[in-house]
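To start, the structure under review is shown below, and the notes come after it.
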Amino acid sequence: MLQVYNTLTRKKEIFKPLKEGEVSIYACGPTVYNMPHIGNYRTFLMTDNIVRSLEYLGYKVKLVMNITDIDDKTIRDSKAAGMSLKDFTDKYTAEFFKGLDMLNIKRASAYPRATENVDSMIGLTQKLIDKGMAYEKGGSVYYRISAFPDYGKLSKLDFDNIIIGASVDVDEYDKDNPRDFALLKASIPEEIERGIYYESPWGKIRPGWHIECSAMAMNCFGPTLDMHLGGVDLIFPHHENEIAQSEGATGKPFACNWIHGEHLIVEGEKMSKSKGNVFTLPEIVGKYGGEVVRFMFLSVHYRKKLDYSDAFAENAKNNYLKLKETLDNLEFSLESAEDAAYPGDEEVLNTLPELDIQFREALEDDFNTPKALTVFKELSRTANRYLESEKNRQVLENLCSLYRQFSDALGLFYESEKKKIPTEVMELVEEREAARKKKDWAVSDAIREKIKSMGYIVQDTKEGPNVKEAEESL
């Protein structure tokens, strides 16, 4: 039975979708104004892990993730770059998708862009004005938070000292001093000159950040959805304001479950340019590989801070390689396995269903990927013990099947298909085998070292030599 921690109630709850067997998810996506850092991708990967877990548990999932391509930051930085807003945001949108591919993050059902949904934002704003929950001032339209008694229910902040009627134009502001926030902002002359404006009943405007997600989420799912995802930094003001806008307009719950991922920090400190500890995804992937970075993120529960360091990454790499080597050895052994039965077969076959149950229970426990990895490691140990004995084809097939089920649920080993070994390496392997048959160990060892210098290793097994790239083995 799936239990999910709901930020709205601050407790784990049994998950019940609005429609049996189906889950609707809206996840806050990137603001495309620069290269996303690894902290951003931890949140995007959290979303992918939740989707994969739900699918493993038998749900049909529809995920929508927005692209914020118009807000304070994109307008400011596109001007500094001397580029049009569209060209600038298209550039960083492409970088965002490259990062998803580096981490094997599955594509969402839709990636709506804010600039393509402004009409819906204007319509939502008009509805709020009609209900007395928004007002126009100086060509901008603001949400009247005093008109929404539940304001603050997500962030649990004390809003007793709100100054009634005071308003704020910036998208991000002091959480201890909230104000009526801008739904639509009057475009300033400079923005109008750059073509950054939309016609509305209140003049030339462009959307504020918060109204964007409410409009796009309701366009895709209607007034209520199952899960709304994002980083903890979005709880206030962004998600608090989304609730106020959406529920103020519809009178219905906006999201049944609010799920937030914790920060990624670096060696105990928050990432900041001044400290020189901000890392982009390509930097880290270039150093460790995409699958290792994914494994590293999986090894810490999404609601706990992840403290990144080289030592932490190296440990993740070692654990990842151990699991991958087991899969490689299973698939290699399967190529020559026979159908004969052996004494340990039944014990292994009886163990697999229990491991499957434990893995499922880990995912049902608020998407607990560290616990799921622990079960995965136990499957690896079971497989390795079996690989030391005589091998039955059916047992190996069952081990491989469960191994692949676990890896698919976690998004791992998608690049594990055997790469073609160069002809010159395979010729040396054959020479070495000939030397071994003659018991010419000196020549055999010399050829092994030559193979190693070419970036490959040879593992001697009962089934014959198993050749791998050196980096794939410990």
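FYI, nothing fancy with the structure tokens labels: chains A, B, ... in order, residues from 1 per chain, ligands from 1 as they appear.
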When you look at stretch 103-107 of chain A with a cut-off of 10 Å (counting only C-alpha atoms), what residues show up, excluding the ones that are within fewer than 6 positions of it in the same chain? I need them as an mmCIF file with N, CA and C atoms, in the first residue's frame.
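Once everything was written out, this is selection.cif:
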```cif
data_model
loop_
_atom_site.group_PDB
_atom_site.id
_atom_site.type_symbol
_atom_site.label_atom_id
_atom_site.label_comp_id
_atom_site.auth_asym_id
_atom_site.auth_seq_id
_atom_site.Cartn_x
_atom_site.Cartn_y
_atom_site.Cartn_z
ATOM 1 N N TYR A 41 18.848 19.429 -11.027
ATOM 2 C CA TYR A 41 18.628 18.092 -11.588
ATOM 3 C C TYR A 41 18.306 17.058 -10.517
ATOM 4 N N PHE A 44 14.612 17.305 -10.620
ATOM 5 C CA PHE A 44 14.048 16.691 -11.823
ATOM 6 C C PHE A 44 14.151 15.170 -11.756
ATOM 7 N N LEU A 45 15.252 14.670 -11.179
ATOM 8 C CA LEU A 45 15.415 13.227 -11.049
ATOM 9 C C LEU A 45 14.444 12.662 -10.019
ATOM 10 N N MET A 46 14.173 13.417 -8.949
ATOM 11 C CA MET A 46 13.150 12.997 -7.982
ATOM 12 C C MET A 46 11.828 12.746 -8.706
ATOM 13 N N THR A 47 11.468 13.667 -9.586
ATOM 14 C CA THR A 47 10.230 13.514 -10.350
ATOM 15 C C THR A 47 10.266 12.235 -11.172
ATOM 16 N N ASP A 48 11.377 11.979 -11.851
ATOM 17 C CA ASP A 48 11.513 10.771 -12.668
ATOM 18 C C ASP A 48 11.419 9.516 -11.812
ATOM 19 N N ASN A 49 12.040 9.535 -10.641
ATOM 20 C CA ASN A 49 11.991 8.363 -9.762
ATOM 21 C C ASN A 49 10.569 8.094 -9.274
ATOM 22 N N VAL A 51 7.785 8.907 -10.881
ATOM 23 C CA VAL A 51 7.043 8.374 -12.031
ATOM 24 C C VAL A 51 7.384 6.906 -12.249
ATOM 25 N N ARG A 52 8.685 6.564 -12.248
ATOM 26 C CA ARG A 52 9.096 5.177 -12.462
ATOM 27 C C ARG A 52 8.564 4.260 -11.356
ATOM 28 N N LEU A 63 2.502 12.829 -16.557
ATOM 29 C CA LEU A 63 3.343 13.874 -15.970
ATOM 30 C C LEU A 63 3.382 15.079 -16.894
ATOM 31 N N VAL A 64 3.135 16.248 -16.318
ATOM 32 C CA VAL A 64 3.295 17.510 -17.034
ATOM 33 C C VAL A 64 4.334 18.336 -16.295
ATOM 34 N N MET A 65 5.335 18.809 -17.008
ATOM 35 C CA MET A 65 6.380 19.661 -16.420
ATOM 36 C C MET A 65 6.491 20.926 -17.266
ATOM 37 N N PHE A 97 17.018 19.807 -21.798
ATOM 38 C CA PHE A 97 16.706 18.478 -22.331
ATOM 39 C C PHE A 97 17.953 17.618 -22.490
ATOM 40 N N LEU A 281 25.492 20.200 -14.400
ATOM 41 C CA LEU A 281 25.399 18.757 -14.622
ATOM 42 C C LEU A 281 26.480 18.245 -15.568
ATOM 43 N N VAL A 285 28.788 15.028 -14.734
ATOM 44 C CA VAL A 285 28.647 13.853 -15.606
ATOM 45 C C VAL A 285 29.952 13.577 -16.342
ATOM 46 N N GLY A 289 30.197 10.219 -15.061
ATOM 47 C CA GLY A 289 29.252 9.515 -15.915
ATOM 48 C C GLY A 289 27.830 9.711 -15.418
ATOM 49 N N GLY A 290 26.878 9.730 -16.349
ATOM 50 C CA GLY A 290 25.491 9.990 -16.006
ATOM 51 C C GLY A 290 24.879 8.967 -15.071
ATOM 52 N N GLU A 291 25.204 7.686 -15.293
ATOM 53 C CA GLU A 291 24.598 6.647 -14.462
ATOM 54 C C GLU A 291 25.094 6.719 -13.026
ATOM 55 N N VAL A 292 26.346 7.069 -12.841
ATOM 56 C CA VAL A 292 26.885 7.201 -11.481
ATOM 57 C C VAL A 292 26.214 8.379 -10.769
ATOM 58 N N VAL A 293 26.030 9.486 -11.482
ATOM 59 C CA VAL A 293 25.353 10.640 -10.881
ATOM 60 C C VAL A 293 23.929 10.262 -10.507
ATOM 61 N N ARG A 294 23.263 9.539 -11.388
ATOM 62 C CA ARG A 294 21.901 9.086 -11.066
ATOM 63 C C ARG A 294 21.910 8.192 -9.827
ATOM 64 N N PHE A 295 22.833 7.257 -9.775
ATOM 65 C CA PHE A 295 22.945 6.360 -8.624
ATOM 66 C C PHE A 295 23.191 7.164 -7.351
ATOM 67 N N LEU A 410 14.607 1.896 -11.383
ATOM 68 C CA LEU A 410 15.514 2.925 -10.870
ATOM 69 C C LEU A 410 16.202 3.708 -11.984
ATOM 70 N N GLY A 411 15.961 3.315 -13.231
ATOM 71 C CA GLY A 411 16.549 4.025 -14.363
ATOM 72 C C GLY A 411 18.028 3.770 -14.549
ATOM 73 N N LEU A 412 18.505 2.611 -14.102
ATOM 74 C CA LEU A 412 19.927 2.295 -14.173
ATOM 75 C C LEU A 412 20.238 1.294 -15.287
ATOM 76 N N PHE A 413 21.514 1.277 -15.673
ATOM 77 C CA PHE A 413 22.072 0.293 -16.615
ATOM 78 C C PHE A 413 21.421 0.357 -17.995
ATOM 79 N N TYR A 414 20.996 1.558 -18.375
ATOM 80 C CA TYR A 414 20.422 1.698 -19.700
ATOM 81 C C TYR A 414 21.494 1.684 -20.774
ATOM 82 N N GLU A 415 22.752 1.818 -20.381
ATOM 83 C CA GLU A 415 23.849 1.762 -21.345
ATOM 84 C C GLU A 415 24.648 0.467 -21.213
#
```
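DSSP secondary structure from the backbone places Thr423, Glu424, Val425, Met426, Glu427, Leu428, Val429, Glu430, Glu431, Arg432, Glu433, Ala434, Ala435, Arg436, Lys437, Trp441, Ala442, Val443, Ser444, Asp445, Ala446, Ile447, Arg448, Glu449, Lys450, Ile451, Lys452 and Ser453 of chain A of stretch 422-462 of chain A in helix (DSSP H, G or I).
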Please provide the set of residues having any atom within 9 Å of A:Leu8, restricted to only C-alpha atoms, with same-chain residues fewer than 6 positions apart removed, written as number ranges by chain. A: 153-156, 256-259
Selection file, N, CA, C and O atoms, as a tab-separated table (two decimals), in the first residue's frame:
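Listing of part-v9.tsv after writing:
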```tsv
chain	number	residue	atom	x	y	z
A	153	LYS	N	-1.49	27.78	4.34
A	153	LYS	CA	-1.72	26.42	4.83
A	153	LYS	C	-0.64	25.44	4.37
A	153	LYS	O	-0.43	24.41	5.01
A	154	LEU	N	0.04	25.73	3.27
A	154	LEU	CA	1.11	24.84	2.81
A	154	LEU	C	2.42	25.12	3.52
A	154	LEU	O	3.09	24.21	4.00
A	155	SER	N	2.79	26.38	3.61
A	155	SER	CA	4.08	26.76	4.19
A	155	SER	C	4.06	26.81	5.71
A	155	SER	O	5.12	26.81	6.35
A	156	LYS	N	2.87	26.86	6.29
A	156	LYS	CA	2.70	26.92	7.76
A	156	LYS	C	3.41	28.13	8.37
A	156	LYS	O	3.86	28.09	9.51
A	256	CYS	N	-3.95	17.22	-4.41
A	256	CYS	CA	-4.22	16.37	-3.24
A	256	CYS	C	-2.94	16.09	-2.45
A	256	CYS	O	-2.98	15.95	-1.22
A	257	ASN	N	-1.82	15.97	-3.14
A	257	ASN	CA	-0.55	15.66	-2.49
A	257	ASN	C	0.53	16.62	-2.99
A	257	ASN	O	0.73	16.76	-4.20
A	258	TRP	N	1.21	17.27	-2.03
A	258	TRP	CA	2.33	18.15	-2.36
A	258	TRP	C	3.61	17.45	-1.94
A	258	TRP	O	3.78	17.09	-0.77
A	259	ILE	N	4.51	17.24	-2.90
A	259	ILE	CA	5.74	16.49	-2.64
A	259	ILE	C	6.93	17.39	-2.97
A	259	ILE	O	7.03	17.94	-4.07
```
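On the backbone of this structure, DSSP gives strand (DSSP E or B) within stretch 113-154 of chain A to Arg113, Ala134, Tyr135, Glu136, Lys137, Ser140, Val141, Tyr142 and Tyr143 of chain A.
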In Å to one decimal, how far is atom CA of A:Ala110 from atom CA of A:Ala255? 18.1 Å
Excluding stretch 393-395 of chain A and its own-chain neighbours fewer than 3 positions away, which residues fall within 12 Å of it when counting only C-alpha atoms? Please give them as number ranges by chain. A: 330-352, 382-383, 386-387, 389-390, 398-402
With N, CA and C atoms retained, could you export that selection as an mmCIF file, in the first residue's frame?
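The new file again-v7.cif reads:
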```cif
data_model
loop_
_atom_site.group_PDB
_atom_site.id
_atom_site.type_symbol
_atom_site.label_atom_id
_atom_site.label_comp_id
_atom_site.auth_asym_id
_atom_site.auth_seq_id
_atom_site.Cartn_x
_atom_site.Cartn_y
_atom_site.Cartn_z
ATOM 1 N N LEU A 330 26.083 -11.926 -15.168
ATOM 2 C CA LEU A 330 24.874 -12.730 -15.373
ATOM 3 C C LEU A 330 24.617 -12.925 -16.864
ATOM 4 N N GLU A 331 24.682 -11.835 -17.607
ATOM 5 C CA GLU A 331 24.387 -11.914 -19.041
ATOM 6 C C GLU A 331 25.450 -12.718 -19.785
ATOM 7 N N PHE A 332 26.693 -12.606 -19.334
ATOM 8 C CA PHE A 332 27.761 -13.384 -19.959
ATOM 9 C C PHE A 332 27.559 -14.875 -19.690
ATOM 10 N N SER A 333 27.238 -15.225 -18.458
ATOM 11 C CA SER A 333 27.044 -16.635 -18.099
ATOM 12 C C SER A 333 25.837 -17.225 -18.811
ATOM 13 N N LEU A 334 24.828 -16.413 -19.045
ATOM 14 C CA LEU A 334 23.611 -16.896 -19.687
ATOM 15 C C LEU A 334 23.869 -17.355 -21.118
ATOM 16 N N GLU A 335 24.891 -16.791 -21.741
ATOM 17 C CA GLU A 335 25.193 -17.139 -23.135
ATOM 18 C C GLU A 335 25.560 -18.609 -23.298
ATOM 19 N N SER A 336 26.133 -19.227 -22.263
ATOM 20 C CA SER A 336 26.581 -20.620 -22.396
ATOM 21 C C SER A 336 25.932 -21.557 -21.378
ATOM 22 N N ALA A 337 24.904 -21.066 -20.666
ATOM 23 C CA ALA A 337 24.266 -21.881 -19.619
ATOM 24 C C ALA A 337 23.492 -23.049 -20.235
ATOM 25 N N GLU A 338 23.357 -24.110 -19.437
ATOM 26 C CA GLU A 338 22.633 -25.304 -19.880
ATOM 27 C C GLU A 338 21.367 -25.481 -19.056
ATOM 28 N N ASP A 339 20.531 -26.422 -19.461
ATOM 29 C CA ASP A 339 19.250 -26.642 -18.784
ATOM 30 C C ASP A 339 19.342 -27.632 -17.631
ATOM 31 N N ALA A 340 20.521 -28.157 -17.369
ATOM 32 C CA ALA A 340 20.674 -29.151 -16.296
ATOM 33 C C ALA A 340 20.361 -28.529 -14.931
ATOM 34 N N ALA A 341 19.793 -29.335 -14.023
ATOM 35 C CA ALA A 341 19.437 -28.861 -12.684
ATOM 36 C C ALA A 341 20.608 -29.056 -11.726
ATOM 37 N N TYR A 342 20.731 -28.130 -10.739
ATOM 38 C CA TYR A 342 21.803 -28.189 -9.747
ATOM 39 C C TYR A 342 21.223 -27.994 -8.347
ATOM 40 N N PRO A 343 21.943 -28.425 -7.308
ATOM 41 C CA PRO A 343 21.408 -28.404 -5.938
ATOM 42 C C PRO A 343 20.919 -27.033 -5.452
ATOM 43 N N GLY A 344 21.581 -25.945 -5.832
ATOM 44 C CA GLY A 344 21.198 -24.636 -5.280
ATOM 45 C C GLY A 344 20.106 -23.916 -6.039
ATOM 46 N N ASP A 345 19.578 -24.555 -7.094
ATOM 47 C CA ASP A 345 18.618 -23.850 -7.957
ATOM 48 C C ASP A 345 17.355 -23.433 -7.219
ATOM 49 N N GLU A 346 16.743 -24.353 -6.504
ATOM 50 C CA GLU A 346 15.461 -24.083 -5.844
ATOM 51 C C GLU A 346 15.600 -22.978 -4.801
ATOM 52 N N GLU A 347 16.701 -22.982 -4.077
ATOM 53 C CA GLU A 347 16.918 -21.967 -3.044
ATOM 54 C C GLU A 347 16.918 -20.564 -3.657
ATOM 55 N N VAL A 348 17.603 -20.426 -4.783
ATOM 56 C CA VAL A 348 17.656 -19.120 -5.445
ATOM 57 C C VAL A 348 16.285 -18.737 -5.984
ATOM 58 N N LEU A 349 15.617 -19.664 -6.645
ATOM 59 C CA LEU A 349 14.300 -19.379 -7.215
ATOM 60 C C LEU A 349 13.292 -18.999 -6.141
ATOM 61 N N ASN A 350 13.427 -19.587 -4.956
ATOM 62 C CA ASN A 350 12.511 -19.248 -3.853
ATOM 63 C C ASN A 350 12.827 -17.897 -3.227
ATOM 64 N N THR A 351 14.076 -17.452 -3.383
ATOM 65 C CA THR A 351 14.490 -16.170 -2.804
ATOM 66 C C THR A 351 13.972 -14.981 -3.605
ATOM 67 N N LEU A 352 13.870 -15.131 -4.918
ATOM 68 C CA LEU A 352 13.547 -14.003 -5.799
ATOM 69 C C LEU A 352 12.198 -13.347 -5.520
ATOM 70 N N THR A 382 23.006 -12.395 -4.032
ATOM 71 C CA THR A 382 22.402 -13.691 -4.347
ATOM 72 C C THR A 382 22.895 -14.184 -5.709
ATOM 73 N N ALA A 383 22.918 -13.287 -6.676
ATOM 74 C CA ALA A 383 23.373 -13.650 -8.023
ATOM 75 C C ALA A 383 24.844 -14.039 -8.022
ATOM 76 N N TYR A 386 25.437 -17.468 -6.681
ATOM 77 C CA TYR A 386 25.023 -18.487 -7.632
ATOM 78 C C TYR A 386 26.014 -18.608 -8.788
ATOM 79 N N LEU A 387 26.583 -17.497 -9.196
ATOM 80 C CA LEU A 387 27.533 -17.503 -10.315
ATOM 81 C C LEU A 387 28.818 -18.261 -9.986
ATOM 82 N N SER A 389 28.827 -21.175 -8.677
ATOM 83 C CA SER A 389 28.565 -22.619 -8.782
ATOM 84 C C SER A 389 28.206 -22.977 -10.224
ATOM 85 N N GLU A 390 27.742 -24.228 -10.406
ATOM 86 C CA GLU A 390 27.226 -24.611 -11.714
ATOM 87 C C GLU A 390 25.971 -23.781 -11.992
ATOM 88 N N ASN A 398 15.817 -16.035 -14.680
ATOM 89 C CA ASN A 398 14.998 -15.407 -13.640
ATOM 90 C C ASN A 398 15.775 -14.326 -12.893
ATOM 91 N N LEU A 399 17.050 -14.599 -12.614
ATOM 92 C CA LEU A 399 17.895 -13.595 -11.958
ATOM 93 C C LEU A 399 18.037 -12.362 -12.844
ATOM 94 N N CYS A 400 18.316 -12.598 -14.126
ATOM 95 C CA CYS A 400 18.465 -11.486 -15.074
ATOM 96 C C CYS A 400 17.171 -10.688 -15.185
ATOM 97 N N SER A 401 16.054 -11.383 -15.240
ATOM 98 C CA SER A 401 14.761 -10.716 -15.386
ATOM 99 C C SER A 401 14.476 -9.795 -14.211
ATOM 100 N N LEU A 402 14.686 -10.296 -12.991
ATOM 101 C CA LEU A 402 14.430 -9.467 -11.806
ATOM 102 C C LEU A 402 15.442 -8.334 -11.724
#
```
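Reported to one decimal place, the separation of atom CA of A:Lys137 from atom CA of A:Ala182 is 9.9 Å.
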